[in-house]
>>> print(open('structure_21.txt').read())   # compact mmCIF, C-alpha atoms
# COMPACT_ATOMS: atom_id res chain seq x y z
CA MET I 24 21.16 135.97 -64.36
CA LYS I 25 21.76 132.68 -62.57
CA ALA I 26 23.78 132.33 -59.40
CA LYS I 27 27.09 130.55 -59.46
CA HIS I 28 27.19 126.91 -58.41
CA ALA I 29 25.97 126.56 -54.86
CA VAL I 30 28.11 124.93 -52.18
CA THR I 31 26.44 122.73 -49.56
CA PRO I 32 27.72 120.76 -46.58
CA SER I 33 27.56 117.63 -48.76
CA ASN I 34 29.05 119.42 -51.83
CA ARG I 35 25.97 118.61 -53.96
CA ALA I 36 25.63 120.41 -56.64
CA GLY I 37 -0.21 140.45 -64.51
CA GLY I 38 -0.01 143.98 -64.18
CA ALA I 39 1.34 146.28 -61.50
CA ASN I 40 1.25 145.02 -57.96
CA PRO I 41 -0.30 147.55 -55.58
CA VAL I 42 1.72 146.05 -52.76
CA LEU I 43 4.86 147.51 -54.37
CA GLU I 44 3.64 150.96 -53.38
CA CYS I 45 4.41 150.05 -49.77
CA LEU I 46 8.15 150.00 -50.51
CA PRO I 47 9.55 153.53 -50.61
CA ALA I 48 13.17 154.15 -51.47
CA ASN I 49 13.99 155.11 -47.87
CA LYS I 50 11.62 158.07 -48.09
CA GLY I 51 8.99 158.87 -45.52
CA GLY I 52 9.65 155.81 -43.40
CA ALA I 53 8.93 155.97 -39.71
CA ASP I 54 12.04 156.57 -37.62
CA LEU I 55 11.95 153.61 -35.25
CA SER I 56 15.16 154.22 -33.37
CA GLY I 57 16.08 157.88 -33.54
CA ASP I 58 18.53 157.37 -36.41
CA LYS I 59 18.02 158.84 -39.88
CA PRO I 60 17.34 156.71 -42.96
CA PRO I 61 20.57 155.80 -44.76
CA GLU I 62 21.75 157.95 -47.65
CA PRO I 63 23.20 156.03 -50.62
CA LYS I 64 26.18 158.37 -50.85
CA GLN I 65 27.30 157.26 -47.37
CA GLN I 66 27.76 153.62 -48.41
CA PRO I 67 31.47 152.72 -48.26
CA HIS I 68 31.03 149.27 -49.85
CA ARG I 69 29.61 148.26 -53.20
CA SER I 70 28.75 144.60 -52.53
CA ILE I 71 26.87 142.73 -49.85
CA SER I 72 30.09 141.35 -48.33
CA ASP I 73 29.81 143.67 -45.33
CA VAL I 74 26.23 142.49 -44.68
CA VAL I 75 27.52 138.92 -44.52
CA ALA I 76 30.56 139.89 -42.43
CA ASN I 77 28.32 141.71 -39.94
CA ARG I 78 26.16 138.56 -39.71
CA VAL I 79 22.78 140.00 -40.66
CA CYS I 80 22.35 138.25 -44.01
CA CYS I 81 18.86 136.71 -44.07
CA GLY I 82 19.80 134.15 -46.72
CA CYS I 83 17.04 135.17 -49.16
CA GLY I 84 19.30 134.84 -52.22
CA ALA I 85 18.08 137.97 -54.03
CA CYS I 86 21.66 139.18 -54.48
CA THR I 87 22.54 136.16 -56.64
CA VAL I 88 19.87 137.19 -59.16
CA ALA I 89 20.82 140.88 -59.11
CA CYS I 90 24.46 140.16 -59.95
CA SER I 91 24.97 140.45 -63.73
CA VAL I 92 28.53 139.07 -63.73
CA SER I 93 27.96 135.87 -61.73
CA ALA I 94 30.27 137.07 -58.97
CA ILE I 95 28.07 135.69 -56.18
CA ARG I 96 27.77 132.03 -55.28
CA PHE I 97 25.41 130.78 -52.63
CA VAL I 98 26.83 128.71 -49.79
CA TYR I 99 24.79 126.35 -47.61
CA GLY I 100 26.63 126.22 -44.31
CA ALA I 101 26.06 123.88 -41.39
CA ARG I 102 23.90 126.56 -39.75
CA PHE I 103 22.77 129.07 -42.36
CA ASN I 104 22.69 129.96 -46.07
CA PHE I 105 24.70 132.97 -47.23
CA PRO I 106 26.24 134.52 -50.37
CA GLU I 107 29.94 134.66 -51.09
CA VAL I 108 31.30 137.39 -53.38
CA ASP I 109 34.21 136.72 -55.72
CA GLY I 110 36.20 139.95 -55.55
CA ASN I 111 37.96 139.16 -58.81
CA LEU I 112 34.66 139.07 -60.70
CA CYS I 113 32.71 141.77 -58.84
CA ASN I 114 32.43 145.02 -60.84
CA ASN I 115 31.19 147.06 -57.86
CA CYS I 116 27.87 147.90 -59.54
CA GLY I 117 26.07 147.83 -56.19
CA LYS I 118 22.97 146.02 -57.48
CA CYS I 119 23.26 143.31 -54.83
CA ARG I 120 22.99 145.98 -52.15
CA LYS I 121 19.91 147.50 -53.74
CA VAL I 122 17.98 144.25 -53.39
CA CYS I 123 19.24 143.29 -49.91
CA PRO I 124 16.53 143.36 -47.20
CA SER I 125 19.23 143.62 -44.52
CA LEU I 126 21.20 146.58 -45.83
CA PHE I 127 19.47 149.10 -43.55
CA LEU I 128 21.14 147.49 -40.52
CA MET I 129 24.51 148.68 -41.79
CA HIS I 130 23.36 152.25 -41.10
CA GLY I 131 21.08 151.95 -38.10
CA SER I 132 17.71 150.39 -37.40
CA ASN I 133 15.38 152.35 -39.69
CA PRO I 134 14.14 149.99 -42.43
CA GLY I 135 12.82 152.82 -44.60
CA PHE I 136 9.17 151.76 -44.48
CA PRO I 137 6.31 152.85 -42.18
CA ALA I 138 5.98 151.13 -38.84
CA ASP I 139 2.44 149.97 -39.65
CA PRO I 140 1.46 148.39 -42.98
CA PRO I 141 -1.79 149.44 -44.70
CA PRO I 142 -4.93 147.81 -43.23
CA PRO I 143 -5.91 144.50 -44.84
CA LEU I 144 -8.74 144.24 -47.33
CA GLU I 145 -10.08 141.14 -45.62
CA CYS I 146 -9.16 138.37 -43.15
CA LEU I 147 -10.30 134.77 -43.39
CA LEU I 148 -10.17 131.34 -41.86
CA ALA I 149 -9.70 128.88 -44.72
CA HIS I 150 -8.72 125.32 -45.58
CA HIS I 151 -8.50 122.91 -48.48
CA VAL I 152 -11.71 120.97 -49.18
CA ASP I 153 -9.85 117.68 -49.66
CA ASP I 154 -9.37 116.24 -46.17
CA SER I 155 -6.39 114.10 -47.18
CA LEU I 156 -4.50 117.14 -48.47
CA ARG I 157 -5.67 119.18 -45.52
CA TRP I 158 -4.43 116.54 -43.07
CA ASP I 159 -0.89 116.44 -44.44
CA ALA I 160 -0.46 120.20 -44.79
CA ALA I 161 0.93 122.55 -42.15
CA SER I 162 -2.33 124.26 -41.22
CA GLY I 163 -5.34 123.35 -43.30
CA GLY I 164 -3.72 123.26 -46.72
CA PHE I 165 -4.78 126.75 -47.82
CA ILE I 166 -1.55 127.51 -49.68
CA THR I 167 -1.44 124.07 -51.30
CA GLY I 168 -5.09 124.30 -52.30
CA LEU I 169 -4.80 127.77 -53.77
CA ALA I 170 -1.58 126.90 -55.62
CA LEU I 171 -3.13 123.72 -57.06
CA HIS I 172 -6.16 125.71 -58.22
CA LEU I 173 -3.92 128.29 -59.92
CA LEU I 174 -1.95 125.56 -61.71
CA GLU I 175 -5.01 123.55 -62.75
CA THR I 176 -6.82 126.61 -64.09
CA LYS I 177 -3.62 127.79 -65.82
CA GLU I 178 -3.67 131.06 -63.91
CA VAL I 179 0.02 130.38 -63.32
CA ASP I 180 2.62 128.22 -65.02
CA GLY I 181 4.57 127.51 -61.86
CA VAL I 182 4.82 128.14 -58.12
CA VAL I 183 8.06 128.90 -56.26
CA VAL I 184 8.15 126.63 -53.19
CA ALA I 185 10.65 124.54 -51.21
CA ARG I 186 11.06 120.94 -50.05
CA CYS I 187 13.39 118.96 -47.79
CA GLU I 188 14.12 115.67 -49.49
CA GLY I 189 16.86 113.83 -51.37
CA ALA I 190 20.40 112.88 -50.45
CA ASN I 191 20.68 115.76 -47.98
CA PRO I 192 17.21 116.83 -46.80
CA LEU I 193 18.77 119.13 -44.20
CA VAL I 194 19.36 121.51 -47.13
CA ALA I 195 15.98 122.80 -48.27
CA GLU I 196 15.62 122.91 -52.06
CA SER I 197 13.87 125.94 -53.53
CA PHE I 198 12.32 125.16 -56.91
CA ILE I 199 9.48 125.96 -59.30
CA ALA I 200 6.62 123.45 -59.09
CA HIS I 201 4.89 123.04 -62.45
CA ASP I 202 2.50 120.19 -61.63
CA ARG I 203 0.51 118.60 -58.83
CA ALA I 204 3.10 115.99 -57.85
CA SER I 205 5.96 118.45 -57.47
CA LEU I 206 3.77 120.92 -55.61
CA LEU I 207 2.60 118.29 -53.12
CA SER I 208 6.24 117.43 -52.38
CA ALA I 209 6.56 120.93 -50.90
CA ARG I 210 3.67 120.67 -48.43
CA GLY I 211 4.21 121.74 -44.86
CA SER I 212 6.35 124.33 -43.10
CA LYS I 213 10.14 124.39 -43.42
CA TYR I 214 11.77 125.20 -40.07
CA ALA I 215 15.18 125.49 -41.66
CA PRO I 216 17.04 127.96 -43.92
CA VAL I 217 15.26 128.47 -47.24
CA SER I 218 16.51 130.75 -50.03
CA SER I 219 13.70 130.93 -52.56
CA CYS I 220 14.87 134.10 -54.30
CA THR I 221 17.71 132.08 -55.82
CA VAL I 222 15.31 130.56 -58.39
CA LEU I 223 14.02 133.92 -59.63
CA GLY I 224 16.82 133.92 -62.19
CA ASP I 225 15.05 130.97 -63.83
CA ILE I 226 11.83 132.97 -63.99
CA MET I 227 13.74 135.79 -65.66
CA GLU I 228 14.68 133.35 -68.41
CA GLN I 229 11.39 131.41 -68.63
CA PRO I 230 8.38 133.41 -69.89
CA GLY I 231 5.18 132.69 -68.04
CA ARG I 232 3.16 133.61 -64.96
CA TYR I 233 4.24 132.52 -61.51
CA ALA I 234 3.20 132.54 -57.86
CA PHE I 235 5.86 132.96 -55.17
CA VAL I 236 5.65 131.53 -51.64
CA GLY I 237 8.14 132.74 -49.07
CA THR I 238 9.01 134.39 -45.77
CA PRO I 239 8.72 138.17 -45.29
CA CYS I 240 12.40 138.79 -46.12
CA MET I 241 12.16 136.70 -49.28
CA ILE I 242 9.06 138.61 -50.37
CA GLU I 243 10.91 141.88 -49.78
CA GLY I 244 13.90 140.56 -51.74
CA LEU I 245 11.55 139.74 -54.62
CA VAL I 246 9.93 143.18 -54.52
CA ARG I 247 13.32 144.87 -54.61
CA LEU I 248 14.32 142.70 -57.57
CA GLN I 249 11.10 143.72 -59.31
CA GLU I 250 12.16 147.34 -58.95
CA LEU I 251 15.46 146.45 -60.63
CA PHE I 252 13.98 144.10 -63.26
CA PRO I 253 10.41 145.08 -64.32
CA LYS I 254 10.15 141.75 -66.17
CA LEU I 255 9.84 140.03 -62.78
CA ARG I 256 6.92 142.25 -61.89
CA GLU I 257 5.07 141.05 -64.98
CA ARG I 258 5.84 137.39 -64.41
CA VAL I 259 5.26 137.01 -60.66
CA VAL I 260 1.52 137.59 -60.46
CA LEU I 261 0.90 136.52 -56.86
CA THR I 262 2.97 136.52 -53.66
CA ILE I 263 2.06 134.48 -50.60
CA GLY I 264 3.94 135.28 -47.41
CA PHE I 265 3.90 133.95 -43.87
CA VAL I 266 3.58 135.39 -40.43
CA CYS I 267 7.15 134.49 -39.50
CA ALA I 268 8.71 134.26 -36.04
CA GLY I 269 12.18 133.58 -37.46
CA MET I 270 14.11 131.02 -39.47
CA ALA I 271 15.78 128.26 -37.45
CA SER I 272 19.27 127.06 -38.27
CA ARG I 273 19.98 123.80 -40.07
CA LEU I 274 22.01 122.73 -37.06
CA SER I 275 18.88 122.80 -34.89
CA THR I 276 17.27 120.12 -37.04
CA ARG I 277 20.43 118.01 -37.17
CA ASN I 278 20.82 118.10 -33.39
CA TYR I 279 17.16 117.20 -32.90
CA LEU I 280 17.48 114.22 -35.23
CA GLU I 281 20.66 112.89 -33.69
CA GLN I 282 20.19 113.75 -30.01
CA ASP I 283 16.45 113.32 -29.47
CA GLY I 284 15.55 110.93 -32.26
CA LYS I 285 18.82 108.95 -32.26
CA VAL I 286 18.75 109.20 -36.06
CA ASN I 287 21.93 109.43 -38.09
CA ALA I 288 21.34 112.50 -40.27
CA SER I 289 23.07 110.81 -43.21
CA GLU I 290 20.28 108.20 -43.26
CA ALA I 291 17.49 110.78 -43.66
CA ARG I 292 15.95 111.19 -47.11
CA ARG I 293 12.90 113.31 -46.32
CA ILE I 294 12.14 115.68 -43.46
CA VAL I 295 8.52 116.70 -42.84
CA TYR I 296 8.30 119.51 -40.31
CA ARG I 297 4.49 119.64 -40.21
CA GLY I 298 1.58 117.43 -41.25
CA GLY I 299 -0.30 114.46 -39.87
CA GLY I 300 -3.15 116.64 -38.59
CA TRP I 301 -3.02 119.92 -36.71
CA PRO I 302 -0.99 121.32 -35.06
CA GLY I 303 1.11 118.60 -36.64
CA ARG I 304 4.04 116.26 -36.23
CA PHE I 305 7.75 116.29 -37.08
CA ARG I 306 8.68 113.21 -39.08
CA VAL I 307 11.86 111.93 -40.70
CA PHE I 308 11.89 109.27 -43.41
CA GLY I 309 14.79 107.20 -44.71
CA LYS I 310 15.29 105.02 -47.76
CA ALA I 311 12.14 103.39 -49.15
CA ASP I 312 10.20 105.97 -47.12
CA LYS I 313 10.96 104.15 -43.85
CA LEU I 314 9.81 106.18 -40.84
CA LEU I 315 12.85 107.01 -38.70
CA MET I 316 11.45 109.61 -36.32
CA ASP I 317 8.01 110.85 -35.31
CA ARG I 318 7.51 113.60 -32.72
CA PRO I 319 4.72 116.10 -32.01
CA LEU I 320 5.14 119.75 -32.96
CA ILE I 321 3.87 121.01 -29.58
CA GLY I 322 6.41 120.07 -26.93
CA GLY I 323 8.68 118.53 -29.54
CA SER I 324 10.09 120.26 -32.61
CA LEU I 325 8.45 123.57 -31.69
CA ARG I 326 10.63 123.60 -28.59
CA HIS I 327 13.80 121.91 -29.83
CA VAL I 328 14.01 123.20 -33.43
CA VAL I 329 11.85 126.25 -34.06
CA GLY I 330 12.89 128.32 -31.08
CA VAL I 331 16.49 127.23 -30.53
CA ASP I 332 18.84 128.91 -33.00
CA HIS I 333 17.74 131.66 -35.42
CA TYR I 334 19.54 133.89 -37.87
CA LEU I 335 20.71 137.03 -36.07
CA ARG I 336 18.84 138.88 -38.82
CA CYS I 337 15.59 137.43 -37.46
CA GLU I 338 16.28 139.13 -34.13
CA ASN I 339 16.60 142.41 -36.04
CA CYS I 340 13.48 141.95 -38.15
CA LEU I 341 10.73 144.56 -38.34
CA ASP I 342 8.48 142.69 -40.77
CA HIS I 343 7.04 139.51 -39.29
CA TRP I 344 3.75 139.99 -41.16
CA SER I 345 4.93 139.95 -44.80
CA ARG I 346 3.91 143.53 -45.48
CA PHE I 347 4.86 143.27 -49.18
CA ALA I 348 2.87 140.09 -49.93
CA ASP I 349 -0.55 139.85 -51.58
CA LEU I 350 -1.64 137.20 -49.08
CA VAL I 351 -0.29 136.49 -45.59
CA VAL I 352 -0.89 133.09 -43.99
CA SER I 353 -0.44 131.81 -40.44
CA ASP I 354 -1.67 129.23 -37.97
CA PRO I 355 -4.71 130.38 -35.97
CA TRP I 356 -2.98 129.97 -32.62
CA SER I 357 -5.66 130.19 -29.94
CA ALA I 358 -6.86 128.14 -27.01
CA ASP I 359 -10.09 127.43 -28.88
CA HIS I 360 -8.33 126.06 -31.95
CA LEU I 361 -5.90 123.98 -29.92
CA GLU I 362 -8.82 122.44 -28.06
CA ARG I 363 -11.14 121.63 -30.97
CA GLU I 364 -9.18 121.61 -34.25
CA THR I 365 -7.45 118.47 -35.53
CA LYS I 366 -7.48 118.82 -39.34
CA GLY I 367 -6.20 122.38 -39.47
CA GLU I 368 -7.26 125.80 -40.69
CA SER I 369 -5.23 128.69 -42.07
CA ALA I 370 -5.62 132.29 -40.96
CA VAL I 371 -5.34 134.48 -44.07
CA LEU I 372 -4.77 138.23 -44.26
CA ILE I 373 -5.47 139.70 -47.72
CA ARG I 374 -3.47 142.80 -48.66
CA SER I 375 -4.16 143.31 -52.39
CA ALA I 376 -7.06 143.21 -54.82
CA ARG I 377 -5.35 140.62 -56.99
CA GLY I 378 -4.85 138.37 -53.99
CA GLN I 379 -8.46 138.81 -52.95
CA ALA I 380 -9.70 137.98 -56.46
CA ARG I 381 -7.71 134.77 -56.68
CA VAL I 382 -8.86 133.52 -53.29
CA ALA I 383 -12.49 134.32 -54.16
CA ALA I 384 -12.17 132.41 -57.44
CA ALA I 385 -10.74 129.35 -55.68
CA VAL I 386 -13.55 129.41 -53.12
CA ALA I 387 -16.19 129.81 -55.85
CA ALA I 388 -14.69 126.86 -57.74
CA GLY I 389 -14.97 124.66 -54.65
CA ALA I 390 -11.21 124.29 -54.17
CA LEU I 391 -11.18 126.10 -50.81
CA TRP I 392 -13.51 126.70 -47.89
CA ALA I 393 -13.32 130.12 -46.24
CA LYS I 394 -15.14 132.40 -43.84
CA PRO I 395 -14.41 136.02 -42.85
CA ILE I 396 -12.95 136.86 -39.44
CA PRO I 397 -12.27 140.22 -37.76
CA THR I 398 -8.82 141.74 -38.29
CA GLU I 399 -8.38 141.81 -34.51
CA ASP I 400 -8.75 138.02 -34.41
CA MET I 401 -6.14 137.67 -37.13
CA ILE I 402 -3.68 139.81 -35.19
CA GLY I 403 -4.54 138.00 -31.98
CA PHE I 404 -3.37 134.66 -33.37
CA ASN I 405 0.21 136.02 -33.41
CA ARG I 406 0.03 139.15 -31.31
CA HIS I 407 3.56 138.66 -29.96
CA LEU I 408 4.83 139.39 -33.48
CA TRP I 409 2.86 142.62 -33.87
CA LEU I 410 5.64 145.07 -33.02
CA ARG I 411 4.60 148.01 -30.87
CA PRO I 412 7.02 150.68 -29.51
CA GLU I 413 7.71 148.80 -26.26
CA HIS I 414 8.37 145.46 -27.93
CA GLU I 415 11.60 143.84 -26.77
CA ARG I 416 12.69 143.58 -30.41
CA PHE I 417 13.98 147.15 -30.27
CA SER I 418 16.32 146.33 -27.40
CA TRP I 419 17.83 143.48 -29.41
CA MET I 420 18.32 145.81 -32.36
CA ALA I 421 19.94 148.48 -30.20
CA LEU I 422 22.31 145.88 -28.76
CA TYR I 423 23.27 144.74 -32.25
CA GLN I 424 24.06 148.31 -33.30
CA LEU I 425 26.24 148.80 -30.21
CA LEU I 426 28.16 145.51 -30.39
CA PHE I 427 28.67 145.26 -34.13
CA HIS I 428 28.88 148.91 -35.20
CA LYS I 429 29.94 150.64 -31.96
CA ARG I 430 27.10 153.16 -32.22
CA LEU I 431 27.09 154.64 -28.74
CA ARG I 432 23.85 156.54 -29.31
CA PHE I 433 22.04 153.24 -28.69
CA LEU I 434 23.39 152.94 -25.12
CA PRO I 435 20.55 154.90 -23.46
CA GLU I 436 17.98 152.69 -25.18
CA ILE I 437 19.77 149.53 -24.01
CA ALA I 438 20.02 150.84 -20.44
CA ARG I 439 16.35 151.82 -20.36
CA ARG I 440 15.18 148.46 -21.61
CA PHE I 441 17.58 146.61 -19.31
CA PHE I 442 15.83 148.13 -16.30
CA LEU I 443 12.51 147.21 -17.87
CA ALA I 444 13.77 143.60 -18.13
CA LYS I 445 13.33 143.74 -21.90
CA LEU I 446 16.87 142.78 -22.92
CA VAL I 447 15.96 139.19 -23.76
CA GLY I 448 17.93 138.98 -27.03
CA LEU I 449 21.28 139.19 -25.26
CA ARG I 450 22.33 135.56 -25.76
CA THR I 451 21.60 135.48 -29.51
CA THR I 452 23.38 138.77 -30.17
CA LEU I 453 26.43 137.97 -28.06
CA ARG I 454 26.80 134.55 -29.63
CA ALA I 455 26.64 136.04 -33.13
CA ARG I 456 29.18 138.71 -32.22
CA PHE I 457 31.85 136.46 -30.73
CA ILE I 458 31.42 133.01 -32.32
CA LYS I 459 34.19 132.43 -34.88
CA LYS I 460 32.18 130.48 -37.42
CA TYR I 461 28.71 132.00 -37.58
CA TYR I 462 27.30 130.57 -40.83
CA TYR I 463 29.16 127.29 -40.49
>>> encode(input="structure_21.txt", output="structure tokens")
Amino acid sequence: MKAKHAVTPSNRAGGANPVLECLPANKGGADLSGDKPPEPKQQPHRSISDVVANRVCCGCGACTVACSVSAIRFVYGARFNFPEVDGNLCNNCGKCRKVCPSLFLMHGSNPGFPADPPPPLECLLAHHVDDSLRWDAASGGFITGLALHLLETKEVDGVVVARCEGANPLVAESFIAHDRASLLSARGSKYAPVSSCTVLGDIMEQPGRYAFVGTPCMIEGLVRLQELFPKLRERVVLTIGFVCAGMASRLSTRNYLEQDGKVNASEARRIVYRGGGWPGRFRVFGKADKLLMDRPLIGGSLRHVVGVDHYLRCENCLDHWSRFADLVVSDPWSADHLERETKGESAVLIRSARGQARVAAAVAAGALWAKPIPTEDMIGFNRHLWLRPEHERFSWMALYQLLFHKRLRFLPEIARRFFLAKLVGLRTTLRARFIKKYYY
């Protein structure tokens, strides 16, 4: 079940989840673009090679777990992570396609799920009760606090997280944290490619109960794997997703280090994208934990890393709110919080009963502080990612379908949105279409 040896730029080697019911097999989904949901019999390819070739791989890594013949290795390029299929080993079973969150883009822009997710059970503002942990987390330490509580109470045996440290911290390492020390090494956001589904093969081979932390596309990759391998549904007992605006390229971080910070990337040993209070600071550490770079998030890395260079798949995403997760976490971006908050709080949207129960238990045990907030406030913190029919996202998607798949039926939509000045994804899409080395 494990992926083949990964290649990096440095050549280093509990029961049914009600959230699953939100994932139909391309049945009954809202038609967001006028095109019909894809029919399996129309698929001309049997591996995810065409998804990679058409540059909409999200880098989740689910395909490496689905492959039963180890025909897929994961490559960590200078910009993005992506799978590479060995045609000599591939048996054309098509399992990698079944778990791919990006496959729908090969047929149009209908993802096969309803435009609006079910309403949340509850929304909260929350933070860790330990101020030192809260201070060095991304936004209040809710995820760290909940994960620590689950480990310490033996509710889970491990938590799938990621960290950016070691000989090449530009390559985020996805791993299973089994104790406090390893979990704390994963604190803070990762504004770089992360591929946490790649470690799910280990969970397939290691009995136990696990929590999984990831972006919306990784959560969807996990859910699709659970449909293929019911064992994963039994072992992953909690999923924590993010409100995600997109995954920045590794090159964005490298350029920021070398151009703004005057730091040689080869000297970095740990990259901390958030922490040091809220909204946080971007810090780079070298050998012996020597501080090499320290910049604010606002006006610094938020501008020069987060929003510079995303996966093209992010510009074709219709799930910024982790619709398949038990819990969804974000920063409470508001003028009020930016004015008064320095330690950080997390905005939490609860989608499932099992997620709600685990948060309530952590609060009752004194591990977390939380208070309810209206759903409208939760949405308001990231309203630009709440996709309504006139959102510019649909113009980007139409442009992708025209340029990459020559689907002329998207021309009227592009023309209409051009006159509405909504065609703001032009640069990203054109660059992805014509650049020779996209992932590298």
>>> atom_distance(input="structure_21.txt", atom1="atom CA of Tyr233 of chain I", atom2="atom CA of Leu261 of chain I")
7.0 Å
>>> residues_around(input="structure_21.txt", residues="Arg411 of chain I", least_positions_apart="6", cutoff="12 Å", atoms="only C-alpha atoms", output="compact mmCIF listing (two decimals) with C-alpha atoms, keeping the file's coordinate frame")
# COMPACT_ATOMS: atom_id res chain seq x y z
CA LEU I 55 11.95 153.61 -35.25
CA ALA I 138 5.98 151.13 -38.84
CA ASP I 139 2.44 149.97 -39.65
CA LEU I 341 10.73 144.56 -38.34
CA ASP I 342 8.48 142.69 -40.77
CA PHE I 417 13.98 147.15 -30.27
>>> residues_around(input="structure_21.txt", residues="Leu335 of chain I", least_positions_apart="3", cutoff="8 Å", atoms="all atoms listed in the file", output="PyMOL selection string")
chain I and resi 78-79+338-339+451-452+455
>>> axis_aligned_box(input="structure_21.txt", around="segment 130-149 of chain I", padding_each_side="3 Å", output="JSON")
{"center_x": 6.5, "center_y": 140.9, "center_z": -42.4, "size_x": 39.7, "size_y": 30.0, "size_z": 15.9}
>>> atom_distance(input="structure_21.txt", atom1="atom CA of Ser272 of chain I", atom2="atom CA of Gly403 of chain I")
26.9 Å
>>> atom_distance(input="structure_21.txt", atom1="atom CA of Leu174 of chain I", atom2="atom CA of Asp225 of chain I")
18.0 Å
>>> closest_residue(input="structure_21.txt", among="I:Ser218, I:Thr365, I:Ser418, I:Ser353", to="Leu147 of chain I", atoms="only C-alpha atoms")
I:Ser353
>>> closest_atom_pairs(input="structure_21.txt", of="segment 53-144 of chain I", to="segment 178-196 of chain I", cutoff="12 Å", atoms="all atoms listed in the file", output="CSV")
residue,atom,partner,partner_atom,distance
I:Val98,CA,I:Val194,CA,10.7
I:Tyr99,CA,I:Val194,CA,7.3
I:Gly100,CA,I:Val194,CA,9.1
I:Ala101,CA,I:Val194,CA,9.1
I:Arg102,CA,I:Val194,CA,10.0
I:Phe103,CA,I:Val194,CA,9.6
I:Asn104,CA,I:Val194,CA,9.1
